[in-house]
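**Q** Next comes the structure file data15.cif, holding mmCIF, C-alpha atoms.
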```cif
data_structure
loop_
_atom_site.label_atom_id
_atom_site.label_comp_id
_atom_site.auth_asym_id
_atom_site.auth_seq_id
_atom_site.Cartn_x
_atom_site.Cartn_y
_atom_site.Cartn_z
CA MET A 1 86.81 48.82 196.11
CA LYS A 2 83.73 50.33 197.79
CA THR A 3 83.83 53.23 195.34
CA ILE A 4 83.93 50.86 192.38
CA LEU A 5 81.02 48.81 193.78
CA LEU A 6 78.98 51.97 194.32
CA GLN A 7 79.65 53.09 190.75
CA ILE A 8 78.53 49.70 189.46
CA CYS A 9 75.34 49.90 191.54
CA PHE A 10 74.54 53.39 190.28
CA THR A 11 75.15 52.28 186.68
CA LEU A 12 72.85 49.28 187.08
CA LEU A 13 70.18 51.43 188.72
CA ALA A 14 70.35 54.01 185.91
CA SER A 15 70.06 51.25 183.31
CA SER A 16 67.04 49.69 185.06
CA LEU A 17 65.31 53.06 185.27
CA LEU A 18 65.97 53.68 181.58
CA ALA A 19 64.61 50.30 180.53
CA GLN A 20 61.12 51.08 181.81
CA ASN A 21 57.87 51.86 180.08
CA ILE A 22 56.71 55.46 180.16
CA LYS A 23 53.18 56.12 181.39
CA LEU A 24 51.72 58.96 179.35
CA ASN A 25 49.31 61.64 180.55
CA PRO A 26 45.70 61.76 179.36
CA PRO A 27 45.52 63.89 176.20
CA ASP A 28 44.60 67.55 176.52
CA THR A 29 41.93 67.74 173.82
CA ASP A 30 41.24 71.42 174.48
CA ARG A 31 44.66 72.69 173.42
CA GLY A 32 45.80 73.99 170.06
CA LEU A 33 44.51 76.15 167.23
CA PRO A 34 41.39 75.53 165.12
CA VAL A 35 41.95 73.08 162.26
CA MET A 36 41.78 75.71 159.50
CA LYS A 37 44.37 77.88 161.25
CA ALA A 38 46.62 74.86 161.78
CA LEU A 39 46.37 74.06 158.07
CA GLU A 40 47.29 77.63 157.25
CA LEU A 41 50.41 77.35 159.42
CA ARG A 42 51.47 73.82 158.46
CA ALA A 43 54.99 73.80 157.01
CA SER A 44 57.94 71.41 156.76
CA ALA A 45 60.67 72.55 159.14
CA LYS A 46 64.30 72.54 158.02
CA GLU A 47 65.79 72.90 161.50
CA PHE A 48 65.01 71.27 164.82
CA ASP A 49 65.68 71.97 168.48
CA SER A 50 67.25 69.30 170.69
CA LYS A 51 65.33 70.09 173.90
CA PRO A 52 63.31 67.00 174.99
CA LEU A 53 59.52 67.32 174.94
CA ILE A 54 57.86 67.45 178.33
CA LEU A 55 55.59 64.52 179.19
CA GLN A 56 52.29 66.29 178.42
CA ASP A 57 53.50 67.40 175.00
CA LEU A 58 54.74 63.89 174.20
CA SER A 59 51.44 62.42 175.41
CA ASP A 60 49.35 64.78 173.27
CA LEU A 61 51.56 64.26 170.22
CA LEU A 62 51.18 60.48 170.24
CA TRP A 63 47.46 60.55 170.95
CA ALA A 64 46.97 62.98 168.07
CA ALA A 65 49.09 60.78 165.81
CA ILE A 66 47.26 57.49 166.33
CA GLY A 67 45.64 57.42 169.75
CA ILE A 68 42.28 55.90 170.61
CA ASN A 69 39.53 58.53 170.37
CA ARG A 70 36.59 56.12 170.70
CA PRO A 71 37.31 53.81 173.64
CA GLU A 72 34.11 51.83 173.17
CA SER A 73 35.31 50.55 169.79
CA GLY A 74 39.07 50.99 170.09
CA LYS A 75 39.16 53.12 166.95
CA ARG A 76 41.86 55.70 166.36
CA THR A 77 42.46 59.35 165.50
CA ALA A 78 43.93 58.00 162.22
CA PRO A 79 41.74 55.78 160.03
CA SER A 80 43.14 52.62 158.45
CA ALA A 81 42.01 50.49 155.52
CA ILE A 82 39.53 47.80 156.68
CA ASN A 83 40.31 49.01 160.23
CA ALA A 84 43.47 46.88 160.17
CA GLN A 85 45.27 49.30 162.50
CA ASP A 86 48.47 48.15 160.85
CA ILE A 87 50.55 51.21 161.74
CA ASP A 88 52.79 51.21 164.80
CA VAL A 89 54.63 54.35 165.90
CA TYR A 90 58.13 53.95 167.30
CA VAL A 91 59.52 56.96 169.16
CA VAL A 92 63.27 57.38 168.69
CA MET A 93 64.80 59.67 171.33
CA LYS A 94 68.24 60.40 172.70
CA LYS A 95 67.71 58.07 175.65
CA GLY A 96 66.30 55.16 173.67
CA ILE A 97 63.52 53.81 171.46
CA TYR A 98 59.96 53.19 172.59
CA LEU A 99 56.83 51.74 170.97
CA TYR A 100 53.56 53.62 171.44
CA ASN A 101 50.85 51.33 172.83
CA ALA A 102 47.61 53.15 172.02
CA GLN A 103 45.40 50.74 174.00
CA LYS A 104 47.26 51.48 177.23
CA HIS A 105 48.45 54.97 176.18
CA ILE A 106 51.99 54.19 177.25
CA LEU A 107 55.42 54.03 175.65
CA GLU A 108 56.85 50.52 175.79
CA PHE A 109 60.63 50.30 176.08
CA VAL A 110 62.31 48.75 173.03
CA THR A 111 66.03 49.47 173.33
CA GLU A 112 68.39 51.97 174.92
CA GLY A 113 70.86 54.25 173.19
CA ASP A 114 70.68 57.19 170.81
CA HIS A 115 69.67 55.88 167.37
CA ARG A 116 68.42 59.15 165.89
CA LYS A 117 71.20 59.13 163.29
CA LEU A 118 69.65 56.00 161.76
CA VAL A 119 66.44 57.90 161.14
CA ALA A 120 68.13 61.10 159.99
CA GLU A 121 70.36 59.05 157.64
CA LYS A 122 71.88 61.33 154.95
CA GLN A 123 70.13 64.42 156.30
CA LYS A 124 72.46 64.62 159.28
CA LYS A 125 71.30 68.11 160.23
CA PHE A 126 68.09 66.52 161.56
CA THR A 127 69.94 64.18 163.94
CA ASN A 128 69.51 66.54 166.89
CA ALA A 129 65.69 66.64 166.69
CA SER A 130 64.04 65.99 170.06
CA LEU A 131 62.54 62.79 168.69
CA PHE A 132 61.48 60.95 165.57
CA CYS A 133 58.10 59.27 165.16
CA VAL A 134 58.73 56.28 162.90
CA MET A 135 55.71 54.72 161.22
CA VAL A 136 55.87 50.95 160.68
CA SER A 137 53.16 48.91 158.95
CA ASP A 138 52.49 45.26 159.80
CA VAL A 139 50.78 43.81 156.72
CA SER A 140 49.86 40.63 158.59
CA ARG A 141 47.01 42.64 160.16
CA PHE A 142 45.23 42.99 156.82
CA ARG A 143 42.54 40.31 156.71
CA PHE A 144 42.51 40.10 152.92
CA GLY A 145 44.02 41.66 149.79
CA ASP A 146 46.96 40.75 147.56
CA ASP A 147 50.52 41.97 148.21
CA GLU A 148 50.18 44.99 145.91
CA GLN A 149 46.96 46.12 147.58
CA LYS A 150 48.51 45.74 151.03
CA LYS A 151 51.45 47.93 149.99
CA ILE A 152 49.03 50.64 148.89
CA TRP A 153 47.07 50.42 152.13
CA SER A 154 50.28 50.54 154.18
CA ALA A 155 51.51 53.67 152.44
CA GLU A 156 48.11 55.33 152.71
CA ASN A 157 47.69 54.55 156.41
CA GLY A 158 51.23 55.65 157.28
CA ALA A 159 50.75 58.93 155.43
CA ILE A 160 47.59 59.70 157.39
CA VAL A 161 49.42 59.24 160.70
CA SER A 162 52.24 61.46 159.42
CA GLN A 163 49.73 64.15 158.50
CA ASN A 164 48.11 63.93 161.93
CA ILE A 165 51.52 64.64 163.43
CA SER A 166 52.11 67.58 161.09
CA ILE A 167 48.73 69.16 161.81
CA PHE A 168 49.11 68.69 165.57
CA CYS A 169 52.55 70.29 165.48
CA ALA A 170 51.26 73.25 163.49
CA SER A 171 48.37 73.63 165.92
CA VAL A 172 50.53 73.78 169.06
CA GLY A 173 53.61 75.51 167.63
CA PHE A 174 56.04 72.61 167.21
CA SER A 175 58.36 71.83 164.31
CA SER A 176 57.93 68.72 162.15
CA ARG A 177 58.18 67.39 158.61
CA PRO A 178 57.27 64.12 156.87
CA ARG A 179 60.27 62.12 155.64
CA ALA A 180 60.89 58.91 153.71
CA TYR A 181 64.68 58.93 154.16
CA MET A 182 66.03 56.63 156.90
CA ASP A 183 68.49 53.77 157.26
CA LYS A 184 65.88 51.06 156.90
CA GLU A 185 68.30 48.17 157.18
CA GLY A 186 69.83 49.58 160.36
CA LEU A 187 66.44 50.39 161.89
CA ARG A 188 65.03 46.97 161.05
CA GLU A 189 67.83 45.42 163.06
CA VAL A 190 67.55 47.79 166.03
CA LEU A 191 63.74 47.55 166.15
CA LYS A 192 63.84 43.75 165.62
CA LEU A 193 61.08 43.98 163.02
CA LYS A 194 59.32 40.92 161.63
CA ASP A 195 59.26 40.06 157.94
CA SER A 196 55.66 41.33 157.78
CA GLN A 197 56.65 44.79 159.06
CA THR A 198 57.66 47.62 156.73
CA LEU A 199 59.17 51.02 157.56
CA ILE A 200 56.95 53.65 155.92
CA LEU A 201 57.71 57.24 156.97
CA ASN A 202 59.11 59.25 159.84
CA ASN A 203 58.48 62.69 161.35
CA PRO A 204 61.14 64.51 163.36
CA VAL A 205 59.46 66.61 166.06
CA SER A 206 60.78 69.36 168.31
CA TYR A 207 59.99 72.71 169.81
CA ILE A 208 60.53 75.53 167.32
CA LYS A 209 64.17 76.51 167.00
CA LYS A 210 64.94 80.21 167.00
CA GLY A 211 65.79 81.41 163.52
CA LYS A 212 64.08 78.35 162.03
CA SER A 213 63.43 77.91 158.31
CA GLU A 214 60.58 76.14 156.57
CA GLU A 215 59.59 74.92 153.14
#
```
Output the file's structure as structure tokens, nothing else.
**A**
Amino acid sequence: MKTILLQICFTLLASSLLAQNIKLNPPDTDRGLPVMKALELRASAKEFDSKPLILQDLSDLLWAAIGINRPESGKRTAPSAINAQDIDVYVVMKKGIYLYNAQKHILEFVTEGDHRKLVAEKQKKFTNASLFCVMVSDVSRFRFGDDEQKKIWSAENGAIVSQNISIFCASVGFSSRPRAYMDKEGLREVLKLKDSQTLILNNPVSYIKKGKSEE
């Protein structure tokens, strides 16, 4: 009986530790290659490594994607139409899903479990990527514009964040690629998205796999 109780306690403790926010490190803005060299090296990876990113690499990746680079105004590394800041980045990892909070520079816990297969969808060979950055647009943040205009802005803003990720990865020697494929219905349910939120793109990210291929 004592053994069973101890196992239950350890399980509950592990679950409570998992369901915590992750405090990110300040970004290292001195790392990486010059922009022109990163552009020269940018490529869409076809294979990904499963090794988790260390905290500093994860911190720098998310700040480069859509972090705050002007604290006095709260503006981001990625511009957005009418400064709506409509794009949220969800990080889908083996241990769970987190939402990047740029204001606090933390990852907020969303749900536990490995949901990478929902993002990989038909391209199952990408399921083992260290993580996926999933770009979601909330059109309710646009102060004006008709539905068609908001769709254009959403796509544009999401693409810019995706490109930030690609350029950062090229600069520091990581693998990534922009993707539109994903199980949107399944992800909507897992992420508990509102009607105003739309899944735009995703980028798998990992360290470079030996014998990798690119396109």
**Q** Could you list, as a PyMOL selection string, every residue matched by the PyMOL selection byres ((chain A and resi 138) around 12) in this structure?
**A** chain A and resi 80+84-89+135-137+139-143+150-151+153-155+157-158+193-200
**Q** Using only C-alpha atoms, can you tell me which of A:Thr77, A:Gln149, A:Asn203, A:Asn21 comes closest to Leu99 of chain A?
**A**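 That would be A:Asn21, the residue with the smallest distance to Leu99 of chain A.
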**Q** Please tell me which residues are no farther than 12 Å from (68.4, 49.3, 161.0) in the file, counting all atoms listed in the file, and write them as an NGL selection string.
**A** :A and (115-121 or 182-193 or 198-199)
**Q** Quick one: write out the picked residues with C-alpha atoms as a PDB file, in the frame of the given file?
**A**
```pdb
ATOM      1  CA  HIS A 115      69.670  55.880 167.370  1.00  0.00           C
ATOM      2  CA  ARG A 116      68.420  59.150 165.890  1.00  0.00           C
ATOM      3  CA  LYS A 117      71.200  59.130 163.290  1.00  0.00           C
ATOM      4  CA  LEU A 118      69.650  56.000 161.760  1.00  0.00           C
ATOM      5  CA  VAL A 119      66.440  57.900 161.140  1.00  0.00           C
ATOM      6  CA  ALA A 120      68.130  61.100 159.990  1.00  0.00           C
ATOM      7  CA  GLU A 121      70.360  59.050 157.640  1.00  0.00           C
ATOM      8  CA  MET A 182      66.030  56.630 156.900  1.00  0.00           C
ATOM      9  CA  ASP A 183      68.490  53.770 157.260  1.00  0.00           C
ATOM     10  CA  LYS A 184      65.880  51.060 156.900  1.00  0.00           C
ATOM     11  CA  GLU A 185      68.300  48.170 157.180  1.00  0.00           C
ATOM     12  CA  GLY A 186      69.830  49.580 160.360  1.00  0.00           C
ATOM     13  CA  LEU A 187      66.440  50.390 161.890  1.00  0.00           C
ATOM     14  CA  ARG A 188      65.030  46.970 161.050  1.00  0.00           C
ATOM     15  CA  GLU A 189      67.830  45.420 163.060  1.00  0.00           C
ATOM     16  CA  VAL A 190      67.550  47.790 166.030  1.00  0.00           C
ATOM     17  CA  LEU A 191      63.740  47.550 166.150  1.00  0.00           C
ATOM     18  CA  LYS A 192      63.840  43.750 165.620  1.00  0.00           C
ATOM     19  CA  LEU A 193      61.080  43.980 163.020  1.00  0.00           C
ATOM     20  CA  THR A 198      57.660  47.620 156.730  1.00  0.00           C
ATOM     21  CA  LEU A 199      59.170  51.020 157.560  1.00  0.00           C
TER      22      LEU A 199
END
```
**Q** Could you check the closest approach to Asp30 of chain A for each of A:Met93, A:Val172, A:Phe126, A:Arg70 and tell me which residue wins, using all atoms listed in the file?
**A**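 The shortest atom-to-atom distance to Asp30 of chain A comes from A:Val172.
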**Q** Name the residues in contact with Leu41 of chain A at a cut-off of 12 Å, using all atoms listed in the file, excluding same-chain residues fewer than 5 positions from it; report them as a list in words.
**A**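 The filter keeps Leu33, Pro34, Val35, Met36, Ser166, Ile167, Phe168, Cys169, Ala170, Ser171, Val172, Gly173, Phe174, Ser175, Ser176, Glu214 and Glu215 of chain A.
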**Q** Could you work out how far atom CA of Gln123 of chain A lies from atom CA of Ile66 of chain A, giving the answer in Å with one decimal?
**A**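 These two atoms are separated by 25.9 Å.
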**Q** Can you list, as a list in words, every protein, DNA or RNA residue that comes within 9 Å of Lys94 of chain A when you count all atoms listed in the file, leaving out same-chain residues fewer than 2 positions away?
**A**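 Near neighbours after the sequence-gap exclusion: Pro52, Val92, Gly96, Ile97, Glu112, Gly113, Asp114, His115, Arg116, Asn128, Ser130 and Leu131 of chain A.
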**Q** Nearest to Leu61 of chain A: which of A:Phe48, A:Phe144, A:Tyr100, A:Phe109 is it, counting only C-alpha atoms?
**A**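 Comparing A:Phe48, A:Phe144, A:Tyr100, A:Phe109 against Leu61 of chain A, the winner is A:Tyr100.
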**Q** Which residue gives the smallest distance to Asp28 of chain A among A:Ala43, A:Ala64, A:Ala102, A:Ile54, with only C-alpha atoms counted?
**A**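 That would be A:Ala64, the residue with the smallest distance to Asp28 of chain A.
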**Q** Using only C-alpha atoms, which residue out of A:Pro71, A:Pro27, A:Gly145, A:Pro204 lies closest to Ser162 of chain A?
**A**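 Ranked by minimum distance to Ser162 of chain A, first place goes to A:Pro204.
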**Q** Taking all atoms of segment 143-155 of chain A that appear in the file, build a box with edges along x, y and z, extend it by 6 Å on every side, and state its centre and edge lengths in Å to one decimal, as lines of an AutoDock Vina configuration file.
**A**
```
center_x = 47.0
center_y = 46.9
center_z = 151.3
size_x = 21.0
size_y = 25.6
size_z = 22.8
```
**Q** Val161 of chain A: which residues within 6 Å, counting only C-alpha atoms, same-chain residues fewer than 2 positions away excluded, as an mmCIF file with C-alpha atoms, keeping the file's coordinate frame?
**A**
```cif
data_model
loop_
_atom_site.group_PDB
_atom_site.id
_atom_site.type_symbol
_atom_site.label_atom_id
_atom_site.label_comp_id
_atom_site.auth_asym_id
_atom_site.auth_seq_id
_atom_site.Cartn_x
_atom_site.Cartn_y
_atom_site.Cartn_z
ATOM 1 C CA ALA A 65 49.090 60.780 165.810
ATOM 2 C CA ALA A 78 43.930 58.000 162.220
ATOM 3 C CA GLY A 158 51.230 55.650 157.280
ATOM 4 C CA ALA A 159 50.750 58.930 155.430
ATOM 5 C CA GLN A 163 49.730 64.150 158.500
ATOM 6 C CA ASN A 164 48.110 63.930 161.930
#
```
**Q** Give me the residues near Asp49 of chain A as an mmCIF file with C-alpha atoms, in the coordinates of the input, where near means some atom within 7 Å (using all atoms listed in the file) and where sequence neighbours in that chain fewer than 5 positions away do not count.
**A**
```
data_model
loop_
_atom_site.group_PDB
_atom_site.id
_atom_site.type_symbol
_atom_site.label_atom_id
_atom_site.label_comp_id
_atom_site.auth_asym_id
_atom_site.auth_seq_id
_atom_site.Cartn_x
_atom_site.Cartn_y
_atom_site.Cartn_z
ATOM 1 C CA ASN A 128 69.510 66.540 166.890
ATOM 2 C CA ALA A 129 65.690 66.640 166.690
ATOM 3 C CA SER A 130 64.040 65.990 170.060
ATOM 4 C CA SER A 206 60.780 69.360 168.310
ATOM 5 C CA TYR A 207 59.990 72.710 169.810
ATOM 6 C CA ILE A 208 60.530 75.530 167.320
ATOM 7 C CA LYS A 209 64.170 76.510 167.000
#
```
**Q** What would the selection look like, as a count of residues only, if the PyMOL selection byres ((chain A and resi 104) around 12) were run on the coordinates I just shared?
**A** 21
**Q** Mind pulling up the distance from atom CA of Val134 of chain A to atom CA of Tyr90 of chain A?
**A** 5.0 Å
**Q** What does the distance from atom CA of Arg179 of chain A to atom CA of Asn202 of chain A come to in Å, to one decimal?
**A**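 Going from atom CA of Arg179 of chain A over to atom CA of Asn202 of chain A covers 5.2 Å.
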**Q** Of the candidates A:Pro178, A:Leu55, A:Gln20, A:Asp60, which one gets nearest to Gly32 of chain A if we count all atoms listed in the file?
**A**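 Of all the options, A:Asp60 lies closest to Gly32 of chain A.
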**Q** What does segment 181-211 of chain A look like written to a file with N, CA, C and O atoms, as a JSON list (two decimals), in the first residue's frame?
**A**
```json
[["chain", "number", "residue", "atom", "x", "y", "z"],
["A", 181, "TYR", "N", 0.59, 22.76, -43.85],
["A", 181, "TYR", "CA", -0.08, 21.52, -43.45],
["A", 181, "TYR", "C", -0.16, 21.41, -41.93],
["A", 181, "TYR", "O", 0.80, 21.66, -41.22],
["A", 182, "MET", "N", -1.30, 21.02, -41.42],
["A", 182, "MET", "CA", -1.51, 20.66, -40.01],
["A", 182, "MET", "C", -2.96, 20.25, -39.85],
["A", 182, "MET", "O", -3.82, 20.63, -40.65],
["A", 183, "ASP", "N", -3.23, 19.48, -38.83],
["A", 183, "ASP", "CA", -4.60, 19.06, -38.53],
["A", 183, "ASP", "C", -5.28, 20.21, -37.80],
["A", 183, "ASP", "O", -5.26, 20.28, -36.56],
["A", 184, "LYS", "N", -5.85, 21.11, -38.55],
["A", 184, "LYS", "CA", -6.40, 22.33, -37.96],
["A", 184, "LYS", "C", -7.57, 22.06, -37.03],
["A", 184, "LYS", "O", -7.70, 22.70, -35.97],
["A", 185, "GLU", "N", -8.41, 21.12, -37.39],
["A", 185, "GLU", "CA", -9.54, 20.79, -36.53],
["A", 185, "GLU", "C", -9.06, 20.22, -35.20],
["A", 185, "GLU", "O", -9.54, 20.61, -34.12],
["A", 186, "GLY", "N", -8.11, 19.29, -35.27],
["A", 186, "GLY", "CA", -7.57, 18.70, -34.06],
["A", 186, "GLY", "C", -6.85, 19.71, -33.19],
["A", 186, "GLY", "O", -7.00, 19.72, -31.96],
["A", 187, "LEU", "N", -6.06, 20.59, -33.82],
["A", 187, "LEU", "CA", -5.33, 21.61, -33.06],
["A", 187, "LEU", "C", -6.27, 22.64, -32.44],
["A", 187, "LEU", "O", -6.04, 23.09, -31.32],
["A", 188, "ARG", "N", -7.32, 23.01, -33.16],
["A", 188, "ARG", "CA", -8.27, 23.97, -32.61],
["A", 188, "ARG", "C", -8.85, 23.45, -31.29],
["A", 188, "ARG", "O", -9.00, 24.19, -30.32],
["A", 189, "GLU", "N", -9.13, 22.17, -31.27],
["A", 189, "GLU", "CA", -9.70, 21.56, -30.07],
["A", 189, "GLU", "C", -8.69, 21.52, -28.94],
["A", 189, "GLU", "O", -8.99, 21.88, -27.80],
["A", 190, "VAL", "N", -7.47, 21.08, -29.24],
["A", 190, "VAL", "CA", -6.44, 20.96, -28.21],
["A", 190, "VAL", "C", -6.05, 22.33, -27.66],
["A", 190, "VAL", "O", -5.86, 22.50, -26.45],
["A", 191, "LEU", "N", -5.95, 23.33, -28.55],
["A", 191, "LEU", "CA", -5.54, 24.67, -28.14],
["A", 191, "LEU", "C", -6.69, 25.48, -27.55],
["A", 191, "LEU", "O", -6.47, 26.57, -27.03],
["A", 192, "LYS", "N", -7.92, 24.97, -27.71],
["A", 192, "LYS", "CA", -9.12, 25.66, -27.22],
["A", 192, "LYS", "C", -9.21, 27.07, -27.81],
["A", 192, "LYS", "O", -9.40, 28.07, -27.10],
["A", 193, "LEU", "N", -9.08, 27.14, -29.14],
["A", 193, "LEU", "CA", -9.09, 28.43, -29.82],
["A", 193, "LEU", "C", -10.49, 29.02, -29.88],
["A", 193, "LEU", "O", -11.50, 28.30, -29.93],
["A", 194, "LYS", "N", -10.55, 30.34, -29.90],
["A", 194, "LYS", "CA", -11.82, 31.07, -30.04],
["A", 194, "LYS", "C", -12.20, 31.14, -31.51],
["A", 194, "LYS", "O", -11.39, 30.89, -32.40],
["A", 195, "ASP", "N", -13.43, 31.51, -31.76],
["A", 195, "ASP", "CA", -13.91, 31.64, -33.15],
["A", 195, "ASP", "C", -13.11, 32.67, -33.93],
["A", 195, "ASP", "O", -12.97, 32.58, -35.15],
["A", 196, "SER", "N", -12.57, 33.67, -33.23],
["A", 196, "SER", "CA", -11.82, 34.74, -33.89],
["A", 196, "SER", "C", -10.38, 34.35, -34.20],
["A", 196, "SER", "O", -9.65, 35.11, -34.85],
["A", 197, "GLN", "N", -9.95, 33.18, -33.75],
["A", 197, "GLN", "CA", -8.57, 32.75, -33.95],
["A", 197, "GLN", "C", -8.45, 31.78, -35.12],
["A", 197, "GLN", "O", -9.27, 30.86, -35.26],
["A", 198, "THR", "N", -7.42, 31.98, -35.94],
["A", 198, "THR", "CA", -7.19, 31.17, -37.13],
["A", 198, "THR", "C", -5.77, 30.64, -37.14],
["A", 198, "THR", "O", -4.81, 31.39, -36.92],
["A", 199, "LEU", "N", -5.63, 29.35, -37.40],
["A", 199, "LEU", "CA", -4.30, 28.73, -37.56],
["A", 199, "LEU", "C", -3.74, 29.16, -38.91],
["A", 199, "LEU", "O", -4.38, 28.97, -39.94],
["A", 200, "ILE", "N", -2.53, 29.71, -38.91],
["A", 200, "ILE", "CA", -1.94, 30.26, -40.14],
["A", 200, "ILE", "C", -0.84, 29.36, -40.71],
["A", 200, "ILE", "O", -0.97, 28.79, -41.79],
["A", 201, "LEU", "N", 0.26, 29.23, -40.00],
["A", 201, "LEU", "CA", 1.42, 28.46, -40.47],
["A", 201, "LEU", "C", 2.08, 27.79, -39.28],
["A", 201, "LEU", "O", 1.74, 28.07, -38.12],
["A", 202, "ASN", "N", 3.04, 26.92, -39.57],
["A", 202, "ASN", "CA", 3.85, 26.36, -38.50],
["A", 202, "ASN", "C", 5.27, 26.13, -39.01],
["A", 202, "ASN", "O", 5.48, 25.95, -40.21],
["A", 203, "ASN", "N", 6.21, 26.18, -38.09],
["A", 203, "ASN", "CA", 7.63, 25.90, -38.39],
["A", 203, "ASN", "C", 8.15, 24.83, -37.45],
["A", 203, "ASN", "O", 8.25, 25.07, -36.24],
["A", 204, "PRO", "N", 8.48, 23.64, -37.95],
["A", 204, "PRO", "CA", 9.23, 22.70, -37.11],
["A", 204, "PRO", "C", 10.64, 23.25, -36.92],
["A", 204, "PRO", "O", 11.20, 23.87, -37.84],
["A", 205, "VAL", "N", 11.20, 23.03, -35.75],
["A", 205, "VAL", "CA", 12.55, 23.53, -35.44],
["A", 205, "VAL", "C", 13.32, 22.45, -34.70],
["A", 205, "VAL", "O", 12.77, 21.77, -33.82],
["A", 206, "SER", "N", 14.58, 22.29, -35.05],
["A", 206, "SER", "CA", 15.44, 21.35, -34.32],
["A", 206, "SER", "C", 16.89, 21.70, -34.58],
["A", 206, "SER", "O", 17.21, 22.55, -35.42],
["A", 207, "TYR", "N", 17.77, 21.03, -33.85],
["A", 207, "TYR", "CA", 19.18, 21.08, -34.20],
["A", 207, "TYR", "C", 19.35, 20.32, -35.53],
["A", 207, "TYR", "O", 18.50, 19.50, -35.90],
["A", 208, "ILE", "N", 20.41, 20.59, -36.23],
["A", 208, "ILE", "CA", 20.62, 19.96, -37.54],
["A", 208, "ILE", "C", 20.89, 18.47, -37.35],
["A", 208, "ILE", "O", 21.72, 18.06, -36.54],
["A", 209, "LYS", "N", 20.18, 17.67, -38.10],
["A", 209, "LYS", "CA", 20.34, 16.24, -38.07],
["A", 209, "LYS", "C", 21.47, 15.83, -39.00],
["A", 209, "LYS", "O", 21.57, 16.34, -40.12],
["A", 210, "LYS", "N", 22.31, 14.94, -38.57],
["A", 210, "LYS", "CA", 23.41, 14.48, -39.42],
["A", 210, "LYS", "C", 22.85, 13.81, -40.67],
["A", 210, "LYS", "O", 21.89, 13.05, -40.61],
["A", 211, "GLY", "N", 23.45, 14.14, -41.79],
["A", 211, "GLY", "CA", 22.97, 13.59, -43.06],
["A", 211, "GLY", "C", 21.68, 14.23, -43.51],
["A", 211, "GLY", "O", 20.91, 13.67, -44.27]]
```
